[in-house]
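Enquirer: Structure supplied as data-v7.pdb; contents: PDB, C-alpha atoms.
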ATOM      1  CA  MET X  18     110.927 186.387  93.207  1.00  0.00           C
ATOM      2  CA  LYS X  19     113.287 183.935  91.557  1.00  0.00           C
ATOM      3  CA  PHE X  20     114.922 183.305  94.914  1.00  0.00           C
ATOM      4  CA  LYS X  21     111.571 182.423  96.526  1.00  0.00           C
ATOM      5  CA  LYS X  22     110.725 180.030  93.691  1.00  0.00           C
ATOM      6  CA  SER X  23     114.125 178.365  94.020  1.00  0.00           C
ATOM      7  CA  ALA X  24     113.712 177.974  97.764  1.00  0.00           C
ATOM      8  CA  LYS X  25     110.288 176.388  97.332  1.00  0.00           C
ATOM      9  CA  LEU X  26     111.682 174.005  94.715  1.00  0.00           C
ATOM     10  CA  ILE X  27     114.574 172.990  96.959  1.00  0.00           C
ATOM     11  CA  LEU X  28     112.170 172.448  99.872  1.00  0.00           C
ATOM     12  CA  ALA X  29     109.891 170.285  97.726  1.00  0.00           C
ATOM     13  CA  LEU X  30     112.808 168.210  96.478  1.00  0.00           C
ATOM     14  CA  SER X  31     114.086 167.753 100.036  1.00  0.00           C
ATOM     15  CA  MET X  32     110.686 166.525 101.212  1.00  0.00           C
ATOM     16  CA  MET X  33     110.505 164.058  98.311  1.00  0.00           C
ATOM     17  CA  LEU X  34     113.993 162.747  99.147  1.00  0.00           C
ATOM     18  CA  ILE X  35     113.106 162.260 102.825  1.00  0.00           C
ATOM     19  CA  PHE X  36     109.924 160.412 101.861  1.00  0.00           C
ATOM     20  CA  ALA X  37     111.808 158.178  99.434  1.00  0.00           C
ATOM     21  CA  LEU X  38     114.414 157.273 102.071  1.00  0.00           C
ATOM     22  CA  ALA X  39     111.668 156.431 104.552  1.00  0.00           C
ATOM     23  CA  VAL X  40     109.972 154.104 102.058  1.00  0.00           C
ATOM     24  CA  VAL X  41     113.255 152.340 101.257  1.00  0.00           C
ATOM     25  CA  GLY X  42     113.932 151.886 104.957  1.00  0.00           C
ATOM     26  CA  CYS X  43     110.529 150.311 105.529  1.00  0.00           C
ATOM     27  CA  GLU X  44     110.942 148.026 102.540  1.00  0.00           C
ATOM     28  CA  LYS X  45     114.362 146.929 103.783  1.00  0.00           C
ATOM     29  CA  LYS X  46     112.977 146.114 107.218  1.00  0.00           C
ATOM     30  CA  GLN X  47     110.163 144.145 105.619  1.00  0.00           C
ATOM     31  CA  THR X  48     112.625 142.306 103.341  1.00  0.00           C
ATOM     32  CA  ASP X  49     114.875 141.480 106.308  1.00  0.00           C
ATOM     33  CA  LYS X  50     111.873 140.127 108.177  1.00  0.00           C
ATOM     34  CA  GLU X  51     110.841 137.998 105.193  1.00  0.00           C
ATOM     35  CA  ASN X  52     114.408 136.698 104.880  1.00  0.00           C
ATOM     36  CA  ASP X  53     114.370 135.756 108.575  1.00  0.00           C
ATOM     37  CA  VAL X  54     111.149 133.789 108.094  1.00  0.00           C
ATOM     38  CA  THR X  55     112.524 132.059 105.008  1.00  0.00           C
ATOM     39  CA  SER X  56     115.689 131.131 106.884  1.00  0.00           C
ATOM     40  CA  ALA X  57     113.707 129.735 109.812  1.00  0.00           C
ATOM     41  CA  GLN X  58     111.496 127.735 107.486  1.00  0.00           C
ATOM     42  CA  THR X  59     114.549 126.337 105.710  1.00  0.00           C
ATOM     43  CA  GLU X  60     116.110 125.294 109.001  1.00  0.00           C
ATOM     44  CA  ALA X  61     112.880 123.519 109.928  1.00  0.00           C
ATOM     45  CA  LEU X  62     112.800 121.693 106.601  1.00  0.00           C
ATOM     46  CA  THR X  63     116.411 120.544 106.870  1.00  0.00           C
ATOM     47  CA  GLY X  64     115.796 119.008 110.290  1.00  0.00           C
ATOM     48  CA  GLY X  65     113.738 116.060 109.024  1.00  0.00           C
ATOM     49  CA  TRP X  66     113.289 113.608 106.194  1.00  0.00           C
ATOM     50  CA  ASP X  67     111.020 114.372 103.253  1.00  0.00           C
ATOM     51  CA  ILE X  68     108.991 111.388 102.096  1.00  0.00           C
ATOM     52  CA  TYR X  69     109.807 110.579  98.500  1.00  0.00           C
ATOM     53  CA  GLY X  70     106.507 110.529  96.660  1.00  0.00           C
ATOM     54  CA  SER X  71     107.274 110.120  92.961  1.00  0.00           C
ATOM     55  CA  THR X  72     106.527 106.420  93.036  1.00  0.00           C
ATOM     56  CA  ILE X  73     105.898 104.605  89.762  1.00  0.00           C
ATOM     57  CA  MET X  74     103.671 101.543  89.722  1.00  0.00           C
ATOM     58  CA  ASP X  75     105.295  99.822  86.757  1.00  0.00           C
ATOM     59  CA  LYS X  76     107.457  97.848  89.192  1.00  0.00           C
ATOM     60  CA  MET X  77     104.433  95.533  89.492  1.00  0.00           C
ATOM     61  CA  THR X  78     102.594  93.661  86.764  1.00  0.00           C
ATOM     62  CA  GLY X  79      98.974  94.332  85.875  1.00  0.00           C
ATOM     63  CA  ASP X  80      97.799  91.164  87.667  1.00  0.00           C
ATOM     64  CA  GLU X  81      99.795  92.088  90.761  1.00  0.00           C
ATOM     65  CA  LEU X  82      98.200  95.543  90.813  1.00  0.00           C
ATOM     66  CA  ASP X  83      94.733  94.013  90.447  1.00  0.00           C
ATOM     67  CA  ASP X  84      95.438  91.693  93.379  1.00  0.00           C
ATOM     68  CA  PHE X  85      96.754  94.571  95.498  1.00  0.00           C
ATOM     69  CA  PHE X  86      93.827  96.924  94.926  1.00  0.00           C
ATOM     70  CA  GLY X  87      91.354  94.072  95.232  1.00  0.00           C
ATOM     71  CA  ALA X  88      92.779  93.356  98.679  1.00  0.00           C
ATOM     72  CA  VAL X  89      93.082  96.896 100.096  1.00  0.00           C
ATOM     73  CA  GLY X  90      89.568  97.925  99.009  1.00  0.00           C
ATOM     74  CA  GLU X  91      88.055 101.364  98.673  1.00  0.00           C
ATOM     75  CA  ASP X  92      88.929 102.453 102.214  1.00  0.00           C
ATOM     76  CA  ASN X  93      92.642 102.419 101.364  1.00  0.00           C
ATOM     77  CA  ASN X  94      92.577 103.357  97.702  1.00  0.00           C
ATOM     78  CA  ASP X  95      95.041 106.217  98.274  1.00  0.00           C
ATOM     79  CA  LEU X  96      97.834 103.686  98.694  1.00  0.00           C
ATOM     80  CA  THR X  97     100.305 103.363  95.836  1.00  0.00           C
ATOM     81  CA  PRO X  98     102.107 100.007  95.660  1.00  0.00           C
ATOM     82  CA  VAL X  99     105.770  99.797  94.684  1.00  0.00           C
ATOM     83  CA  LEU X 100     106.815  96.157  94.836  1.00  0.00           C
ATOM     84  CA  ALA X 101     106.001  92.885  96.568  1.00  0.00           C
ATOM     85  CA  LEU X 102     109.072  92.591  98.781  1.00  0.00           C
ATOM     86  CA  ALA X 103     108.384  88.993  99.741  1.00  0.00           C
ATOM     87  CA  SER X 104     105.948  86.115  99.247  1.00  0.00           C
ATOM     88  CA  GLN X 105     104.865  83.139 101.328  1.00  0.00           C
ATOM     89  CA  LEU X 106     103.331  79.886 100.084  1.00  0.00           C
ATOM     90  CA  VAL X 107     100.167  79.098 102.052  1.00  0.00           C
ATOM     91  CA  ASN X 108      96.642  78.517 100.721  1.00  0.00           C
ATOM     92  CA  GLY X 109      97.680  80.349  97.597  1.00  0.00           C
ATOM     93  CA  TYR X 110     100.258  83.030  98.375  1.00  0.00           C
ATOM     94  CA  ASN X 111     100.699  85.810 100.895  1.00  0.00           C
ATOM     95  CA  TYR X 112     102.444  88.957  99.683  1.00  0.00           C
ATOM     96  CA  ALA X 113     104.204  91.674 101.685  1.00  0.00           C
ATOM     97  CA  THR X 114     104.172  94.793  99.518  1.00  0.00           C
ATOM     98  CA  LEU X 115     105.855  98.156  99.986  1.00  0.00           C
ATOM     99  CA  ALA X 116     103.344 100.964  99.435  1.00  0.00           C
ATOM    100  CA  VAL X 117     103.163 104.699 100.035  1.00  0.00           C
ATOM    101  CA  GLY X 118     100.126 106.823 100.809  1.00  0.00           C
ATOM    102  CA  ASP X 119      97.295 107.628 103.141  1.00  0.00           C
ATOM    103  CA  ILE X 120      95.742 104.998 105.403  1.00  0.00           C
ATOM    104  CA  SER X 121      92.192 106.276 105.853  1.00  0.00           C
ATOM    105  CA  GLY X 122      93.500 109.726 106.821  1.00  0.00           C
ATOM    106  CA  ASP X 123      95.403 108.426 109.859  1.00  0.00           C
ATOM    107  CA  TYR X 124      98.954 108.100 108.516  1.00  0.00           C
ATOM    108  CA  VAL X 125     100.708 109.313 105.395  1.00  0.00           C
ATOM    109  CA  GLY X 126     103.968 107.619 104.541  1.00  0.00           C
ATOM    110  CA  TRP X 127     105.441 104.221 103.766  1.00  0.00           C
ATOM    111  CA  ASN X 128     103.654 101.001 104.674  1.00  0.00           C
ATOM    112  CA  ILE X 129     103.993  97.241 104.422  1.00  0.00           C
ATOM    113  CA  VAL X 130     100.721  95.867 103.053  1.00  0.00           C
ATOM    114  CA  THR X 131     100.201  92.134 103.521  1.00  0.00           C
ATOM    115  CA  TYR X 132      97.483  90.327 101.614  1.00  0.00           C
ATOM    116  CA  ASN X 133      96.543  86.842 100.463  1.00  0.00           C
ATOM    117  CA  VAL X 134      95.716  85.618  96.979  1.00  0.00           C
ATOM    118  CA  ASP X 135      94.048  82.215  97.268  1.00  0.00           C
ATOM    119  CA  SER X 136      94.234  79.337  94.821  1.00  0.00           C
ATOM    120  CA  GLU X 137      91.163  80.658  93.001  1.00  0.00           C
ATOM    121  CA  GLY X 138      92.648  84.118  92.508  1.00  0.00           C
ATOM    122  CA  ASN X 139      90.641  85.932  95.196  1.00  0.00           C
ATOM    123  CA  SER X 140      92.609  88.539  97.149  1.00  0.00           C
ATOM    124  CA  SER X 141      92.011  89.584 100.754  1.00  0.00           C
ATOM    125  CA  LEU X 142      93.751  92.035 103.058  1.00  0.00           C
ATOM    126  CA  ILE X 143      95.716  90.732 106.031  1.00  0.00           C
ATOM    127  CA  SER X 144      97.296  93.882 107.452  1.00  0.00           C
ATOM    128  CA  ILE X 145      98.644  97.357 106.754  1.00  0.00           C
ATOM    129  CA  VAL X 146     101.544  98.286 109.028  1.00  0.00           C
ATOM    130  CA  PRO X 147     103.279 101.697 108.877  1.00  0.00           C
ATOM    131  CA  PHE X 148     106.947 101.552 107.889  1.00  0.00           C
ATOM    132  CA  ASP X 149     108.282 104.450 109.940  1.00  0.00           C
ATOM    133  CA  ILE X 150     111.562 105.497 108.347  1.00  0.00           C
ATOM    134  CA  GLU X 151     112.726 107.131 111.589  1.00  0.00           C
ATOM    135  CA  ASN X 152     112.123 103.994 113.636  1.00  0.00           C
ATOM    136  CA  ILE X 153     112.921 101.015 111.419  1.00  0.00           C
ATOM    137  CA  LYS X 154     112.560  97.626 113.085  1.00  0.00           C
ATOM    138  CA  THR X 155     115.783  95.762 112.431  1.00  0.00           C
ATOM    139  CA  VAL X 156     117.623  92.541 113.240  1.00  0.00           C
ATOM    140  CA  ASP X 157     121.104  92.464 114.700  1.00  0.00           C
ATOM    141  CA  ASN X 158     122.462  89.511 112.731  1.00  0.00           C
ATOM    142  CA  GLN X 159     122.424  90.107 108.987  1.00  0.00           C
ATOM    143  CA  ASP X 160     122.293  86.329 108.371  1.00  0.00           C
ATOM    144  CA  ALA X 161     119.370  85.787 110.773  1.00  0.00           C
ATOM    145  CA  GLU X 162     116.696  83.655 109.109  1.00  0.00           C
ATOM    146  CA  ASN X 163     114.116  84.698 111.704  1.00  0.00           C
ATOM    147  CA  ALA X 164     114.009  88.044 109.883  1.00  0.00           C
ATOM    148  CA  LEU X 165     112.173  86.213 107.089  1.00  0.00           C
ATOM    149  CA  GLY X 166     109.810  83.942 109.018  1.00  0.00           C
ATOM    150  CA  GLY X 167     109.243  81.586 106.085  1.00  0.00           C
ATOM    151  CA  TRP X 168     108.943  84.387 103.546  1.00  0.00           C
ATOM    152  CA  THR X 169     110.868  84.408 100.268  1.00  0.00           C
ATOM    153  CA  ILE X 170     112.449  87.732  99.322  1.00  0.00           C
ATOM    154  CA  ALA X 171     111.790  89.002  95.809  1.00  0.00           C
ATOM    155  CA  THR X 172     114.643  88.267  93.412  1.00  0.00           C
ATOM    156  CA  LEU X 173     115.745  91.337  91.467  1.00  0.00           C
ATOM    157  CA  GLN X 174     117.971  91.135  88.416  1.00  0.00           C
ATOM    158  CA  GLU X 175     118.660  94.873  88.307  1.00  0.00           C
ATOM    159  CA  SER X 176     118.122  98.147  90.114  1.00  0.00           C
ATOM    160  CA  LEU X 177     114.583  99.552  90.193  1.00  0.00           C
ATOM    161  CA  LEU X 178     115.513 103.156  90.945  1.00  0.00           C
ATOM    162  CA  ASP X 179     113.628 105.514  88.639  1.00  0.00           C
ATOM    163  CA  ASP X 180     115.884 108.541  89.088  1.00  0.00           C
ATOM    164  CA  GLU X 181     119.124 108.340  87.081  1.00  0.00           C
ATOM    165  CA  ASN X 182     120.847 110.848  89.363  1.00  0.00           C
ATOM    166  CA  GLU X 183     120.011 108.782  92.442  1.00  0.00           C
ATOM    167  CA  GLN X 184     121.203 105.642  90.649  1.00  0.00           C
ATOM    168  CA  ASP X 185     124.534 107.374  89.986  1.00  0.00           C
ATOM    169  CA  ILE X 186     124.777 108.384  93.638  1.00  0.00           C
ATOM    170  CA  PHE X 187     124.035 104.806  94.735  1.00  0.00           C
ATOM    171  CA  ASP X 188     126.672 103.417  92.361  1.00  0.00           C
ATOM    172  CA  LYS X 189     129.296 105.893  93.602  1.00  0.00           C
ATOM    173  CA  ALA X 190     128.534 105.033  97.222  1.00  0.00           C
ATOM    174  CA  MET X 191     128.830 101.305  96.503  1.00  0.00           C
ATOM    175  CA  GLU X 192     132.338 101.661  95.052  1.00  0.00           C
ATOM    176  CA  GLY X 193     134.657  99.816  97.412  1.00  0.00           C
ATOM    177  CA  TYR X 194     131.804  98.700  99.683  1.00  0.00           C
ATOM    178  CA  VAL X 195     132.185  95.068 100.774  1.00  0.00           C
ATOM    179  CA  GLY X 196     130.160  92.610 102.813  1.00  0.00           C
ATOM    180  CA  LEU X 197     126.782  92.835 101.068  1.00  0.00           C
ATOM    181  CA  ASN X 198     125.429  92.586  97.564  1.00  0.00           C
ATOM    182  CA  LEU X 199     122.686  95.226  97.392  1.00  0.00           C
ATOM    183  CA  THR X 200     120.067  95.935  94.733  1.00  0.00           C
ATOM    184  CA  PRO X 201     118.074  99.153  95.221  1.00  0.00           C
ATOM    185  CA  ILE X 202     114.285  99.119  95.011  1.00  0.00           C
ATOM    186  CA  GLN X 203     113.068 102.580  95.946  1.00  0.00           C
ATOM    187  CA  THR X 204     114.250 105.835  97.490  1.00  0.00           C
ATOM    188  CA  LEU X 205     112.201 106.197 100.677  1.00  0.00           C
ATOM    189  CA  ALA X 206     113.210 109.720 101.680  1.00  0.00           C
ATOM    190  CA  ARG X 207     115.692 112.534 101.211  1.00  0.00           C
ATOM    191  CA  GLN X 208     117.110 114.885 103.823  1.00  0.00           C
ATOM    192  CA  LEU X 209     118.735 118.249 103.127  1.00  0.00           C
ATOM    193  CA  VAL X 210     121.846 118.749 105.254  1.00  0.00           C
ATOM    194  CA  ALA X 211     125.242 120.143 104.176  1.00  0.00           C
ATOM    195  CA  GLY X 212     124.636 118.073 101.091  1.00  0.00           C
ATOM    196  CA  THR X 213     121.877 115.439 100.922  1.00  0.00           C
ATOM    197  CA  ASN X 214     121.088 112.178 102.692  1.00  0.00           C
ATOM    198  CA  TYR X 215     119.227 109.487 100.747  1.00  0.00           C
ATOM    199  CA  MET X 216     117.396 106.583 102.372  1.00  0.00           C
ATOM    200  CA  ILE X 217     117.003 103.668  99.954  1.00  0.00           C
ATOM    201  CA  ILE X 218     115.332 100.301 100.501  1.00  0.00           C
ATOM    202  CA  CYS X 219     117.130  97.372  98.867  1.00  0.00           C
ATOM    203  CA  THR X 220     117.203  93.624  98.604  1.00  0.00           C
ATOM    204  CA  GLY X 221     120.542  92.176  99.574  1.00  0.00           C
ATOM    205  CA  SER X 222     122.570  89.212 100.704  1.00  0.00           C
ATOM    206  CA  PRO X 223     125.830  88.858 102.617  1.00  0.00           C
ATOM    207  CA  VAL X 224     128.928  87.810 100.717  1.00  0.00           C
ATOM    208  CA  THR X 225     129.158  84.389 102.387  1.00  0.00           C
ATOM    209  CA  ALA X 226     129.066  80.732 101.370  1.00  0.00           C
ATOM    210  CA  ASP X 227     125.345  80.380 102.179  1.00  0.00           C
ATOM    211  CA  PRO X 228     123.851  83.871 101.984  1.00  0.00           C
ATOM    212  CA  VAL X 229     120.344  84.584 103.202  1.00  0.00           C
ATOM    213  CA  GLU X 230     118.483  87.160 101.131  1.00  0.00           C
ATOM    214  CA  GLY X 231     117.031  90.047 103.103  1.00  0.00           C
ATOM    215  CA  ILE X 232     115.532  93.531 102.967  1.00  0.00           C
ATOM    216  CA  TYR X 233     117.883  96.390 103.836  1.00  0.00           C
ATOM    217  CA  VAL X 234     117.584 100.137 104.318  1.00  0.00           C
ATOM    218  CA  VAL X 235     120.709 101.946 103.156  1.00  0.00           C
ATOM    219  CA  THR X 236     121.480 105.574 104.001  1.00  0.00           C
ATOM    220  CA  ILE X 237     123.812 107.414 101.634  1.00  0.00           C
ATOM    221  CA  TYR X 238     125.344 110.842 102.139  1.00  0.00           C
ATOM    222  CA  GLU X 239     126.240 112.994  99.124  1.00  0.00           C
ATOM    223  CA  ASP X 240     128.327 116.072  99.900  1.00  0.00           C
ATOM    224  CA  LEU X 241     128.177 119.399  98.095  1.00  0.00           C
ATOM    225  CA  GLU X 242     130.952 118.318  95.737  1.00  0.00           C
ATOM    226  CA  GLY X 243     129.100 115.199  94.584  1.00  0.00           C
ATOM    227  CA  ASN X 244     131.050 112.639  96.609  1.00  0.00           C
ATOM    228  CA  ALA X 245     128.879 109.826  97.997  1.00  0.00           C
ATOM    229  CA  GLU X 246     129.322 107.300 100.785  1.00  0.00           C
ATOM    230  CA  ILE X 247     127.216 104.773 102.666  1.00  0.00           C
ATOM    231  CA  THR X 248     126.664 105.908 106.256  1.00  0.00           C
ATOM    232  CA  SER X 249     124.435 103.082 107.504  1.00  0.00           C
ATOM    233  CA  VAL X 250     122.997  99.727 106.458  1.00  0.00           C
ATOM    234  CA  GLU X 251     120.166  98.162 108.454  1.00  0.00           C
ATOM    235  CA  GLN X 252     118.480  94.825 107.845  1.00  0.00           C
ATOM    236  CA  VAL X 253     114.710  95.066 108.169  1.00  0.00           C
ATOM    237  CA  ASP X 254     112.936  92.604 110.468  1.00  0.00           C
ATOM    238  CA  LEU X 255     110.222  91.790 107.951  1.00  0.00           C
ATOM    239  CA  THR X 256     108.152  89.742 110.400  1.00  0.00           C
ATOM    240  CA  ALA X 257     107.749  92.817 112.627  1.00  0.00           C
ATOM    241  CA  TYR X 258     105.697  94.441 109.839  1.00  0.00           C
ATOM    242  CA  ILE X 259     103.519  91.446 109.032  1.00  0.00           C
ATOM    243  CA  ASP X 260     100.429  90.642 111.052  1.00  0.00           C
ATOM    244  CA  ASN X 261      99.360  87.103 110.202  1.00  0.00           C
TER
END
Would you give me this structure, written as structure tokens?
Expert:
Amino acid sequence: MKFKKSAKLILALSMMLIFALAVVGCEKKQTDKENDVTSAQTEALTGGWDIYGSTIMDKMTGDELDDFFGAVGEDNNDLTPVLALASQLVNGYNYATLAVGDISGDYVGWNIVTYNVDSEGNSSLISIVPFDIENIKTVDNQDAENALGGWTIATLQESLLDDENEQDIFDKAMEGYVGLNLTPIQTLARQLVAGTNYMIICTGSPVTADPVEGIYVVTIYEDLEGNAEITSVEQVDLTAYIDN
């Protein structure tokens, strides 16, 4: 009798062990599948630039913000302005302002918003042109005045980067860099690679006797050990983004 009870107990334990192994095997397969999906998603994310969205509006004064939102109107109220990159004296002033956001549901990203503020303080929209970070319209000659078209670039006394870590990366990348004096305005995008790429829009001027101020997009690569270097500098053709 004891032998029969022992045999039944052993059989029951064996069945429980087989069931447990089967469950673990299924869970492992499921986990492997989930890991494959996660890996594929990561690879997809690292293939492109992520728009940098933590923009802060305190780079513009209260009056400048009132003028901007008065010009863009309710149809484009999802736009967040960063800074007036340039101004032009006309009947009052025209302003070309960097902004990020949604243009009536058609495009989400960076834009150049041009508007006029007349001599009586009334603001009106001239144009909103997407600033596609993967297809930046540039000029070949960094001293070319036709990149300004009569516009005066904003004069910055100091960096406007909000992120201290990104400011440190910019400063490290600028060590030993010659040819241009650059002042960062805003990080436009970041790209995860074997390390990180940063795309930063700046004001700048060549180190020459008669420098012409311009708008530049600087790409910086930071490796996994924290070393940073400038990989490209492009001067923006501002007139290509302004529809007068």
Enquirer: Step by step, work through what the PyMOL selection byres ((chain X and resi 215) around 12) selects in the shown file, and finish by giving those residues as a ChimeraX atom specification.
Expert: /X:65-69,150,182-184,186-187,190,201,203-210,212-214,216-218,234-240,245-250
Enquirer: How far is it from CA of Ser176 (chain X) to CA of Thr78 (chain X), in Å with one decimal?
Expert: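 Computing it gives 16.5 Å between the two atoms.
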Enquirer: If you measure from CA of Ser144 (chain X) to CA of Thr172 (chain X), what distance in Å do you get, rounded to one decimal?
Expert: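 Interatomic distance here is 23.0 Å.
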Enquirer: Which polymer residues have any atom within 8 Å of an atom of Ala116 (chain X), counting all atoms listed in the file, with same-chain residues fewer than 5 positions away left out, as JSON, numbers by chain?
Expert: {"X": [96, 97, 98, 99, 100, 127, 128, 129, 130]}
Enquirer: Could you tell me how far CA of Gly221 (chain X) sits from CA of Asn198 (chain X), in Å to one decimal place?
Expert: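 CA of Asn198 (chain X) sits 5.3 Å away from CA of Gly221 (chain X).
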Enquirer: Can I get the residues of region 91-136 of chain X within 12 Å of region 166-170 of chain X, each with the closest pair of atoms and their distance in Å to one decimal, using only C-alpha atoms, sorted chain first then ascending number, as JSON lines?
Expert:
{"residue": "X:Leu100", "atom": "CA", "partner": "X:Ile170", "partner_atom": "CA", "distance": 11.1}
{"residue": "X:Ala101", "atom": "CA", "partner": "X:Ile170", "partner_atom": "CA", "distance": 8.7}
{"residue": "X:Leu102", "atom": "CA", "partner": "X:Ile170", "partner_atom": "CA", "distance": 5.9}
{"residue": "X:Ala103", "atom": "CA", "partner": "X:Ile170", "partner_atom": "CA", "distance": 4.3}
{"residue": "X:Ser104", "atom": "CA", "partner": "X:Thr169", "partner_atom": "CA", "distance": 5.3}
{"residue": "X:Gln105", "atom": "CA", "partner": "X:Trp168", "partner_atom": "CA", "distance": 4.8}
{"residue": "X:Leu106", "atom": "CA", "partner": "X:Trp168", "partner_atom": "CA", "distance": 8.0}
{"residue": "X:Val107", "atom": "CA", "partner": "X:Gly167", "partner_atom": "CA", "distance": 10.2}
{"residue": "X:Tyr110", "atom": "CA", "partner": "X:Trp168", "partner_atom": "CA", "distance": 10.2}
{"residue": "X:Asn111", "atom": "CA", "partner": "X:Trp168", "partner_atom": "CA", "distance": 8.8}
{"residue": "X:Tyr112", "atom": "CA", "partner": "X:Trp168", "partner_atom": "CA", "distance": 8.8}
{"residue": "X:Ala113", "atom": "CA", "partner": "X:Trp168", "partner_atom": "CA", "distance": 8.9}
{"residue": "X:Thr114", "atom": "CA", "partner": "X:Ile170", "partner_atom": "CA", "distance": 10.9}
{"residue": "X:Thr131", "atom": "CA", "partner": "X:Trp168", "partner_atom": "CA", "distance": 11.7}
Enquirer: Between X:Val156, X:Asp185, X:Ala211, X:Glu192, which has the minimum distance to Tyr233 (chain X) (counting only C-alpha atoms)?
Expert: X:Val156
Enquirer: Kindly output region 78-84 of chain X as a CSV table (one decimal), in the frame of the given file, after building all heavy atoms.
Expert:
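So the final result, stored in rebuild23.csv, reads:
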chain,number,residue,atom,x,y,z
X,78,THR,N,103.3,94.0,88.0
X,78,THR,CA,102.6,93.7,86.8
X,78,THR,C,101.1,94.0,86.9
X,78,THR,O,100.7,94.4,88.0
X,78,THR,CB,102.7,92.2,86.5
X,78,THR,OG1,102.0,91.4,87.5
X,78,THR,CG2,104.1,91.7,86.4
X,79,GLY,N,100.4,94.0,85.8
X,79,GLY,CA,99.0,94.3,85.9
X,79,GLY,C,98.2,93.4,86.8
X,79,GLY,O,97.3,93.9,87.6
X,80,ASP,N,98.5,92.1,86.8
X,80,ASP,CA,97.8,91.2,87.7
X,80,ASP,C,98.1,91.4,89.1
X,80,ASP,O,97.3,91.3,90.0
X,80,ASP,CB,98.2,89.7,87.3
X,80,ASP,CG,97.6,89.3,86.0
X,80,ASP,OD1,96.6,89.9,85.5
X,80,ASP,OD2,98.1,88.3,85.4
X,81,GLU,N,99.4,91.8,89.4
X,81,GLU,CA,99.8,92.1,90.8
X,81,GLU,C,99.1,93.3,91.3
X,81,GLU,O,98.7,93.4,92.4
X,81,GLU,CB,101.3,92.3,90.8
X,81,GLU,CG,102.1,91.0,90.7
X,81,GLU,CD,103.6,91.2,90.5
X,81,GLU,OE1,104.0,92.4,90.2
X,81,GLU,OE2,104.4,90.3,90.7
X,82,LEU,N,98.9,94.3,90.4
X,82,LEU,CA,98.2,95.5,90.8
X,82,LEU,C,96.7,95.2,91.1
X,82,LEU,O,96.1,95.8,92.0
X,82,LEU,CB,98.3,96.6,89.7
X,82,LEU,CG,99.7,97.2,89.6
X,82,LEU,CD1,99.7,98.1,88.3
X,82,LEU,CD2,100.1,98.0,90.8
X,83,ASP,N,96.1,94.4,90.2
X,83,ASP,CA,94.7,94.0,90.4
X,83,ASP,C,94.6,93.3,91.8
X,83,ASP,O,93.6,93.6,92.5
X,83,ASP,CB,94.3,93.1,89.3
X,83,ASP,CG,94.1,93.8,88.0
X,83,ASP,OD1,94.0,95.1,88.0
X,83,ASP,OD2,94.0,93.2,86.9
X,84,ASP,N,95.5,92.4,92.1
X,84,ASP,CA,95.4,91.7,93.4
X,84,ASP,C,95.6,92.7,94.6
X,84,ASP,O,94.9,92.6,95.6
X,84,ASP,CB,96.5,90.6,93.4
X,84,ASP,CG,96.3,89.5,92.5
X,84,ASP,OD1,95.1,89.3,92.1
X,84,ASP,OD2,97.3,88.8,92.1
